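Text of the file target_37.cif, holding mmCIF, C-alpha atoms:
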```
data_start
#
loop_
_atom_site.label_atom_id
_atom_site.label_comp_id
_atom_site.auth_asym_id
_atom_site.auth_seq_id
_atom_site.Cartn_x
_atom_site.Cartn_y
_atom_site.Cartn_z
CA MET A 29 42.78 -73.01 -119.64
CA THR A 30 40.08 -72.62 -122.28
CA THR A 31 36.59 -72.76 -120.83
CA ARG A 32 33.66 -74.47 -122.53
CA ARG A 33 32.01 -71.06 -122.99
CA ALA A 34 35.12 -69.61 -124.61
CA PHE A 35 35.44 -72.68 -126.81
CA LEU A 36 31.85 -72.35 -128.02
CA ALA A 37 32.33 -68.62 -128.57
CA SER A 38 35.33 -69.30 -130.79
CA LEU A 39 33.30 -71.82 -132.78
CA LEU A 40 30.50 -69.33 -133.21
CA ALA A 41 32.95 -66.76 -134.46
CA THR A 42 34.15 -69.13 -137.16
CA GLY A 43 30.66 -70.32 -138.08
CA ALA A 44 31.50 -73.87 -136.99
CA ALA A 45 28.86 -74.27 -134.28
CA PRO A 46 26.13 -75.76 -136.51
CA GLY A 47 28.32 -78.84 -136.99
CA LEU A 48 28.76 -79.56 -133.28
CA GLY A 49 27.62 -82.92 -131.95
CA TRP A 50 25.18 -83.53 -129.13
CA ALA A 51 27.94 -83.51 -126.50
CA ALA A 52 28.22 -79.75 -126.97
CA ALA A 53 24.54 -79.43 -125.97
CA GLY A 54 25.07 -81.44 -122.77
CA ASN A 55 24.35 -84.90 -124.22
CA PRO A 56 20.57 -84.82 -123.88
CA ALA A 57 18.86 -88.19 -124.02
CA TYR A 58 15.43 -86.84 -124.99
CA LEU A 59 13.55 -83.94 -126.53
CA ALA A 60 10.13 -82.80 -125.28
CA ALA A 61 7.92 -79.78 -125.87
CA ALA A 62 6.20 -78.03 -122.96
CA ARG A 63 4.13 -75.01 -121.93
CA ASP A 64 5.36 -72.90 -119.02
CA ALA A 65 3.38 -71.11 -116.33
CA SER A 66 3.27 -67.87 -118.33
CA GLY A 67 1.72 -69.62 -121.32
CA GLY A 68 4.91 -69.67 -123.40
CA PHE A 69 6.15 -72.75 -125.25
CA ALA A 70 9.61 -74.28 -125.57
CA LEU A 71 11.51 -77.34 -126.75
CA HIS A 72 13.48 -78.93 -123.91
CA GLY A 73 16.49 -81.21 -124.00
CA LEU A 74 16.35 -83.68 -121.10
CA ASN A 75 19.04 -85.86 -119.61
CA ALA A 76 18.41 -89.40 -118.41
CA GLY A 77 17.65 -88.07 -114.92
CA GLY A 78 14.83 -85.82 -116.14
CA GLN A 79 16.70 -82.53 -115.81
CA SER A 80 16.23 -79.90 -118.52
CA LEU A 81 19.56 -79.08 -120.17
CA PHE A 82 18.15 -76.40 -122.44
CA ALA A 83 14.82 -74.77 -123.25
CA ILE A 84 14.45 -73.12 -126.64
CA PRO A 85 11.36 -70.92 -127.17
CA LEU A 86 8.76 -71.93 -129.76
CA PRO A 87 6.27 -69.54 -131.38
CA ALA A 88 3.28 -71.75 -130.50
CA ARG A 89 2.45 -75.14 -129.03
CA GLY A 90 4.86 -77.86 -130.13
CA HIS A 91 4.01 -81.49 -130.67
CA ALA A 92 6.86 -83.86 -131.49
CA GLY A 93 10.39 -83.33 -132.71
CA ALA A 94 13.16 -85.04 -134.61
CA GLY A 95 16.79 -85.07 -133.48
CA HIS A 96 19.56 -85.11 -136.06
CA PRO A 97 21.61 -88.31 -135.70
CA ILE A 98 24.96 -86.47 -135.74
CA ARG A 99 24.59 -82.72 -135.23
CA ALA A 100 23.11 -81.06 -132.15
CA GLU A 101 20.18 -80.00 -134.25
CA ALA A 102 16.47 -80.67 -133.81
CA VAL A 103 13.32 -80.03 -135.77
CA ALA A 104 10.40 -78.89 -133.63
CA PHE A 105 7.00 -79.46 -135.23
CA ALA A 106 3.85 -77.49 -134.54
CA ARG A 107 0.80 -79.24 -133.18
CA ARG A 108 -1.35 -80.68 -135.97
CA PRO A 109 -2.48 -79.00 -138.16
CA GLY A 110 0.63 -76.85 -138.19
CA SER A 111 2.35 -74.38 -140.44
CA PHE A 112 5.82 -74.34 -138.89
CA ALA A 113 8.72 -76.65 -138.36
CA LEU A 114 11.79 -75.03 -136.84
CA VAL A 115 15.31 -76.35 -137.32
CA ILE A 116 17.02 -75.42 -134.06
CA ASP A 117 20.70 -75.37 -133.15
CA CYS A 118 20.53 -76.92 -129.68
CA VAL A 119 23.96 -75.55 -128.70
CA THR A 120 23.23 -71.89 -129.37
CA GLY A 121 19.43 -71.95 -129.28
CA GLN A 122 19.27 -70.26 -132.66
CA VAL A 123 16.64 -71.11 -135.24
CA ARG A 124 18.68 -72.10 -138.28
CA HIS A 125 15.80 -72.67 -140.67
CA ARG A 126 12.05 -72.14 -140.70
CA LEU A 127 10.31 -74.77 -142.77
CA SER A 128 6.89 -74.17 -144.27
CA PRO A 129 4.77 -76.65 -146.20
CA PRO A 130 3.80 -75.78 -149.78
CA GLU A 131 0.67 -73.74 -150.42
CA GLY A 132 -2.42 -75.77 -149.56
CA ARG A 133 -0.56 -78.16 -147.24
CA GLN A 134 -0.05 -78.48 -143.51
CA PHE A 135 2.42 -80.27 -141.26
CA ASN A 136 1.00 -83.05 -139.10
CA GLY A 137 3.30 -82.92 -136.09
CA HIS A 138 5.95 -85.54 -136.88
CA GLY A 139 9.00 -86.21 -139.03
CA CYS A 140 12.17 -88.26 -139.15
CA TYR A 141 15.69 -88.19 -140.56
CA ALA A 142 17.16 -90.71 -142.98
CA ARG A 143 20.39 -91.27 -144.91
CA LYS A 144 22.49 -90.51 -141.83
CA GLY A 145 20.81 -87.16 -141.40
CA ALA A 146 21.11 -86.03 -145.00
CA ARG A 147 17.33 -86.08 -145.53
CA LEU A 148 14.37 -85.01 -143.42
CA TYR A 149 10.95 -86.55 -144.09
CA THR A 150 7.83 -84.76 -142.83
CA ALA A 151 4.23 -85.95 -142.39
CA GLU A 152 1.90 -83.60 -144.26
CA GLN A 153 -1.58 -83.48 -145.71
CA GLU A 154 -3.44 -81.49 -148.33
CA SER A 155 -5.54 -78.97 -146.46
CA GLU A 156 -8.72 -79.40 -148.51
CA THR A 157 -8.78 -83.20 -148.88
CA SER A 158 -6.50 -84.44 -146.04
CA ALA A 159 -4.74 -86.66 -148.60
CA GLY A 160 -1.41 -87.61 -147.08
CA ARG A 161 1.97 -86.53 -148.40
CA ILE A 162 5.53 -87.11 -147.22
CA GLY A 163 7.72 -84.05 -147.69
CA VAL A 164 11.42 -84.50 -148.48
CA TRP A 165 14.02 -81.92 -147.41
CA ASP A 166 17.76 -81.83 -148.09
CA ALA A 167 19.17 -81.37 -144.58
CA GLY A 168 22.70 -81.11 -145.92
CA LYS A 169 21.88 -78.11 -148.10
CA GLY A 170 19.97 -75.74 -145.89
CA TYR A 171 16.86 -77.89 -145.63
CA ARG A 172 15.88 -77.17 -149.21
CA ARG A 173 12.65 -78.92 -150.14
CA ILE A 174 13.40 -81.40 -152.91
CA GLY A 175 10.10 -83.21 -153.35
CA ASP A 176 7.23 -85.16 -151.85
CA PHE A 177 5.19 -88.30 -152.46
CA PRO A 178 1.89 -89.85 -151.29
CA SER A 179 1.77 -91.26 -147.76
CA GLY A 180 -0.56 -94.07 -148.82
CA GLY A 181 -3.63 -92.79 -147.01
CA ILE A 182 -5.57 -89.96 -145.37
CA GLY A 183 -4.27 -87.91 -142.45
CA PRO A 184 -0.75 -89.28 -141.87
CA HIS A 185 0.62 -88.66 -138.42
CA GLU A 186 3.78 -90.31 -137.10
CA ILE A 187 6.46 -91.64 -139.46
CA ARG A 188 9.47 -93.79 -138.56
CA LEU A 189 12.56 -94.96 -140.41
CA MET A 190 12.84 -98.75 -140.32
CA PRO A 191 16.13 -100.42 -139.33
CA ASP A 192 17.05 -101.11 -142.97
CA GLY A 193 17.44 -97.36 -143.48
CA GLN A 194 15.46 -97.55 -146.73
CA THR A 195 11.86 -97.91 -145.55
CA LEU A 196 9.46 -95.48 -143.89
CA ALA A 197 6.62 -96.71 -141.70
CA VAL A 198 3.66 -94.30 -141.84
CA ALA A 199 0.63 -94.17 -139.53
CA ASN A 200 -2.17 -92.98 -141.80
CA GLY A 201 -4.85 -92.06 -139.29
CA GLY A 202 -7.64 -92.10 -141.87
CA ILE A 203 -9.37 -88.96 -140.61
CA ALA A 204 -10.15 -86.06 -142.95
CA THR A 205 -10.24 -82.78 -141.02
CA ASP A 206 -11.39 -79.24 -141.62
CA PRO A 207 -8.22 -77.17 -142.15
CA THR A 208 -9.43 -74.33 -139.94
CA ASP A 209 -10.87 -75.99 -136.84
CA ARG A 210 -9.76 -79.67 -136.93
CA ARG A 211 -13.40 -80.81 -137.22
CA LYS A 212 -13.53 -84.46 -138.31
CA LEU A 213 -15.31 -84.86 -141.62
CA ASN A 214 -15.35 -88.54 -142.58
CA ILE A 215 -15.79 -90.69 -139.48
CA GLY A 216 -18.43 -92.80 -141.21
CA THR A 217 -16.08 -93.74 -144.05
CA MET A 218 -12.61 -93.50 -142.52
CA ARG A 219 -10.03 -96.16 -143.44
CA PRO A 220 -6.81 -95.90 -141.45
CA ASN A 221 -3.80 -97.94 -142.47
CA LEU A 222 -0.19 -98.68 -141.65
CA SER A 223 1.92 -98.13 -144.77
CA TYR A 224 5.52 -99.08 -145.51
CA LEU A 225 7.09 -96.87 -148.15
CA ASP A 226 10.46 -96.93 -149.87
CA ILE A 227 12.23 -93.67 -149.03
CA ALA A 228 12.04 -92.86 -152.74
CA GLY A 229 8.21 -93.06 -152.54
CA PRO A 230 6.80 -96.42 -153.75
CA ILE A 231 4.40 -98.24 -151.43
CA LEU A 232 5.88 -101.57 -150.35
CA GLU A 233 3.19 -102.91 -148.03
CA GLN A 234 -0.06 -101.75 -146.41
CA ILE A 235 -1.99 -103.08 -143.43
CA GLU A 236 -5.65 -102.34 -142.70
CA LEU A 237 -7.59 -103.58 -139.68
CA ASN A 238 -10.77 -105.64 -139.87
CA PRO A 239 -13.86 -103.65 -140.95
CA ASP A 240 -15.26 -103.58 -137.41
CA LEU A 241 -12.14 -101.66 -136.33
CA ARG A 242 -11.98 -99.20 -139.21
CA LYS A 243 -12.84 -96.35 -136.79
CA ASN A 244 -9.66 -97.09 -134.83
CA SER A 245 -7.35 -94.34 -136.07
CA ILE A 246 -3.70 -95.46 -136.30
CA ARG A 247 -1.73 -92.52 -134.90
CA HIS A 248 1.64 -93.22 -133.29
CA LEU A 249 4.51 -95.63 -133.82
CA ALA A 250 7.34 -97.24 -131.87
CA LEU A 251 10.08 -99.35 -133.37
CA ARG A 252 12.25 -102.10 -131.93
CA ALA A 253 15.74 -102.65 -133.32
CA ASP A 254 14.75 -105.95 -134.95
CA GLY A 255 11.96 -104.32 -136.99
CA LEU A 256 8.98 -105.11 -134.76
CA LEU A 257 6.64 -102.13 -135.03
CA ALA A 258 4.09 -101.06 -132.42
CA PHE A 259 1.23 -98.72 -133.29
CA ALA A 260 -1.11 -96.82 -130.98
CA MET A 261 -4.72 -96.12 -131.90
CA GLN A 262 -7.53 -93.70 -131.03
CA TRP A 263 -11.14 -94.84 -131.26
CA GLU A 264 -13.54 -92.65 -133.25
CA GLY A 265 -16.54 -94.98 -133.00
CA ALA A 266 -19.40 -95.23 -130.54
CA GLU A 267 -18.79 -94.17 -126.96
CA GLY A 268 -18.69 -96.97 -124.44
CA ALA A 269 -16.74 -99.34 -126.67
CA ALA A 270 -13.48 -100.87 -125.51
CA PRO A 271 -11.48 -101.64 -128.67
CA PRO A 272 -7.82 -102.68 -128.60
CA LEU A 273 -5.59 -99.59 -128.69
CA LEU A 274 -2.24 -101.26 -129.40
CA GLY A 275 -1.10 -103.10 -132.50
CA LEU A 276 2.10 -105.05 -133.18
CA HIS A 277 3.31 -105.76 -136.67
CA ARG A 278 6.23 -107.35 -138.44
CA ARG A 279 6.40 -106.98 -142.20
CA GLY A 280 4.94 -109.88 -144.12
CA THR A 281 2.70 -111.04 -141.26
CA ASP A 282 -0.74 -110.21 -139.91
CA PRO A 283 -0.96 -107.59 -137.15
CA VAL A 284 -1.43 -108.67 -133.52
CA LEU A 285 -3.85 -106.55 -131.45
CA PRO A 286 -3.12 -107.08 -127.74
CA GLU A 287 -5.96 -106.41 -125.31
CA ALA A 288 -6.11 -105.62 -121.64
CA PRO A 289 -8.85 -107.07 -119.41
CA LEU A 290 -12.19 -105.46 -120.26
CA ALA A 291 -12.38 -103.14 -117.23
CA ALA A 292 -8.83 -101.92 -117.86
CA GLU A 293 -9.57 -101.40 -121.56
CA PHE A 294 -12.66 -99.32 -120.70
CA ALA A 295 -10.53 -97.18 -118.39
CA MET A 296 -8.36 -96.05 -121.32
CA GLN A 297 -11.42 -94.21 -122.73
CA GLY A 298 -10.63 -95.26 -126.29
CA TYR A 299 -7.46 -93.20 -126.52
CA ALA A 300 -3.78 -94.08 -126.70
CA GLY A 301 -1.59 -90.98 -126.84
CA SER A 302 1.93 -92.44 -127.05
CA VAL A 303 3.61 -95.81 -127.52
CA ALA A 304 7.13 -97.07 -126.79
CA PHE A 305 9.21 -100.19 -126.31
CA SER A 306 11.22 -100.46 -123.10
CA GLY A 307 14.95 -99.95 -123.38
CA ASP A 308 15.63 -103.68 -123.51
CA GLY A 309 12.76 -104.33 -125.93
CA ALA A 310 11.12 -106.79 -123.54
CA GLN A 311 7.99 -104.68 -122.97
CA VAL A 312 5.79 -102.35 -124.97
CA ALA A 313 3.48 -99.75 -123.45
CA ILE A 314 0.80 -97.23 -124.38
CA THR A 315 -0.45 -94.23 -122.42
CA SER A 316 -3.85 -92.56 -122.15
CA PRO A 317 -4.00 -88.98 -120.84
CA ARG A 318 -7.79 -89.22 -120.92
CA GLY A 319 -7.80 -92.30 -118.75
CA GLY A 320 -4.73 -91.36 -116.71
CA ARG A 321 -3.24 -94.80 -117.34
CA LEU A 322 -0.40 -96.75 -118.85
CA HIS A 323 -0.87 -100.30 -120.12
CA CYS A 324 2.13 -102.59 -120.48
CA PHE A 325 2.35 -105.70 -122.68
CA SER A 326 4.89 -108.30 -123.69
CA PRO A 327 6.05 -108.22 -127.33
CA ASP A 328 3.89 -111.26 -128.07
CA GLY A 329 0.79 -109.39 -126.88
CA GLY A 330 0.38 -110.60 -123.29
CA PHE A 331 -0.99 -108.04 -120.84
CA LEU A 332 1.54 -107.34 -118.06
CA GLY A 333 -0.32 -104.74 -116.05
CA ALA A 334 -1.35 -101.11 -115.68
CA PHE A 335 -0.08 -97.98 -113.95
CA SER A 336 -2.23 -94.95 -113.06
CA ARG A 337 -1.02 -91.37 -113.34
CA ALA A 338 -3.13 -88.26 -113.96
CA ASP A 339 -2.72 -86.80 -117.47
CA VAL A 340 0.13 -89.15 -118.39
CA CYS A 341 1.05 -89.19 -122.08
CA GLY A 342 4.75 -88.78 -122.96
CA LEU A 343 6.52 -92.13 -123.18
CA ALA A 344 10.03 -93.16 -124.19
CA PRO A 345 12.47 -96.03 -123.53
CA ARG A 346 14.88 -96.08 -120.60
CA ALA A 347 17.53 -98.71 -119.97
CA ASP A 348 15.47 -100.18 -117.13
CA GLY A 349 12.01 -99.59 -118.58
CA PHE A 350 10.27 -96.35 -119.58
CA LEU A 351 10.36 -92.59 -119.11
CA LEU A 352 6.95 -90.98 -118.58
CA SER A 353 5.80 -87.36 -118.61
CA ASP A 354 2.52 -85.78 -117.62
CA GLY A 355 0.67 -82.54 -118.12
CA LEU A 356 1.45 -81.44 -114.56
CA GLY A 357 5.23 -81.27 -115.06
CA GLY A 358 6.17 -84.69 -113.73
CA LEU A 359 8.85 -86.97 -115.16
CA LEU A 360 8.95 -90.56 -113.89
CA ALA A 361 10.98 -93.69 -114.47
CA LEU A 362 8.94 -96.87 -114.68
CA ALA A 363 10.61 -100.24 -114.23
CA GLY A 364 8.48 -103.36 -113.90
CA LEU A 365 5.43 -101.10 -113.32
CA THR A 366 7.18 -99.62 -110.29
CA PRO A 367 7.39 -95.82 -110.62
CA ARG A 368 10.23 -93.61 -109.43
CA ALA A 369 9.97 -89.83 -109.50
CA LEU A 370 12.81 -88.22 -111.44
CA ALA A 371 11.90 -84.54 -111.58
CA GLN A 372 9.01 -82.13 -111.16
CA HIS A 373 9.01 -79.05 -113.39
CA HIS A 374 6.71 -76.03 -113.44
CA LEU A 375 5.64 -77.05 -116.92
CA ALA A 376 2.88 -78.86 -118.78
CA TRP A 377 4.62 -81.46 -120.91
CA ASP A 378 3.09 -82.05 -124.32
CA ASN A 379 2.15 -85.46 -125.71
CA HIS A 380 5.52 -86.91 -126.71
CA ILE A 381 9.07 -87.57 -125.62
CA VAL A 382 11.55 -88.10 -128.46
CA SER A 383 14.59 -90.29 -127.80
CA LEU A 384 17.97 -89.18 -129.11
#
```
Kindly return the structure encoded in the file as structure tokens.
Amino acid sequence: MTTRRAFLASLLATGAAPGLGWAAAGNPAYLAAARDASGGFALHGLNAGGQSLFAIPLPARGHAGAGHPIRAEAVAFARRPGSFALVIDCVTGQVRHRLSPPEGRQFNGHGCYARKGARLYTAEQESETSAGRIGVWDAGKGYRRIGDFPSGGIGPHEIRLMPDGQTLAVANGGIATDPTDRRKLNIGTMRPNLSYLDIAGPILEQIELNPDLRKNSIRHLALRADGLLAFAMQWEGAEGAAPPLLGLHRRGTDPVLPEAPLAAEFAMQGYAGSVAFSGDGAQVAITSPRGGRLHCFSPDGGFLGAFSRADVCGLAPRADGFLLSDGLGGLLALAGLTPRALAQHHLAWDNHIVSL
């Protein structure tokens, strides 16, 4: 009887392995970057129970990733500002392509696929001005770069493909940074926005917050199947403020900014690191590694409660709620604000968990 190992070896011999689906990589449900005890970095594929199915070394700290919708292939992005994005075969562990931004550009930690995996879009910025760009790569032809277009703002971070398959949502954080040391250069004049772009480049719609919230950097995005978008923010204004850190938006309407009770909002320390909808779409949550907290809301903005966990940040949907990760190696399931330990790894999980 042919073993799985022999089967994969035969595929490798014929050059067919890069076309294998996710089942050949163990059917991971999530991707997450981590640092191990020796200081090395890797991209992990996790199953629904929190077990690591594979760990593929990275040359430096990873941030987020993007999983191909068909092939067992992932793009691992460097932490912002970054110069590498690795296209990894998650069956063999081989790096298939090493993507580099054009001269004078940097990657900003996130990207997404579109056109059924035929195109990869990457969040980038010009190193000197922090003007945002969206890079376009032909994933069907060796990830050849085929163009780019403006992101609609300064310092783009996370980008998501909307359910129509033709629109990109872009979190333009609004912060200009020094390309060498990440020093923030324009806090007094920053203007973050949420932009919706046609995948060919034109801006379709832009949302800015009220002037008193212009120092609330829009950073991360979560998307529900019906097009409701959640965005997480990080406050760059005066210390001791307690601004809302979650926004909800549906195209053609004004954004809703849910707020927790004042004491709970203060406890977040002005920082939301990740955002996600629950698996059934009935809840939306943000995490704060600085505050060691998760805040949960209803999709209409009602505050449902909080959960405390040291250095919690990674957040992704599970069928019964959320998957959480922390910087101490923990992976937890959260259902109705009731936690259940899934796994404890000798790792420091990075900021994000990417659903496949």
In Å and to one decimal, CA of His248 (chain A) is distant from CA of Ala260 (chain A) by 5.1 Å
I'd like the neighbourhood of Ala266 (chain A) as a ChimeraX atom specification, where a residue qualifies if any of its atoms comes within 12 Å (using all atoms listed in the file), though same-chain residues fewer than 5 positions away should be ignored. /A:215-216,240-241,243-244,271,297-298
Test item: the PyMOL selection byres ((chain A and resi 307-313) around 8) resolved as a PyMOL selection string: chain A and resi 252+258+303-306+314-315+322-327+345-350
The selected residues should be written to file as a compact mmCIF listing (two decimals), keeping the file's coordinate frame (atoms: C-alpha atoms).
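That gives us again.txt:
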```
# COMPACT_ATOMS: atom_id res chain seq x y z
CA ARG A 252 12.25 -102.10 -131.93
CA ALA A 258 4.09 -101.06 -132.42
CA VAL A 303 3.61 -95.81 -127.52
CA ALA A 304 7.13 -97.07 -126.79
CA PHE A 305 9.21 -100.19 -126.31
CA SER A 306 11.22 -100.46 -123.10
CA ILE A 314 0.80 -97.23 -124.38
CA THR A 315 -0.45 -94.23 -122.42
CA LEU A 322 -0.40 -96.75 -118.85
CA HIS A 323 -0.87 -100.30 -120.12
CA CYS A 324 2.13 -102.59 -120.48
CA PHE A 325 2.35 -105.70 -122.68
CA SER A 326 4.89 -108.30 -123.69
CA PRO A 327 6.05 -108.22 -127.33
CA PRO A 345 12.47 -96.03 -123.53
CA ARG A 346 14.88 -96.08 -120.60
CA ALA A 347 17.53 -98.71 -119.97
CA ASP A 348 15.47 -100.18 -117.13
CA GLY A 349 12.01 -99.59 -118.58
CA PHE A 350 10.27 -96.35 -119.58
```
Enter the distance from CA of Val119 (chain A) to CA of Gly355 (chain A), in Å, rounded to one decimal. 26.5 Å
Contacts of region 367-370 of chain A within 7 Å, all atoms listed in the file, excl. fewer than 6 positions in-chain, as number ranges by chain: A: 77-78, 359-361
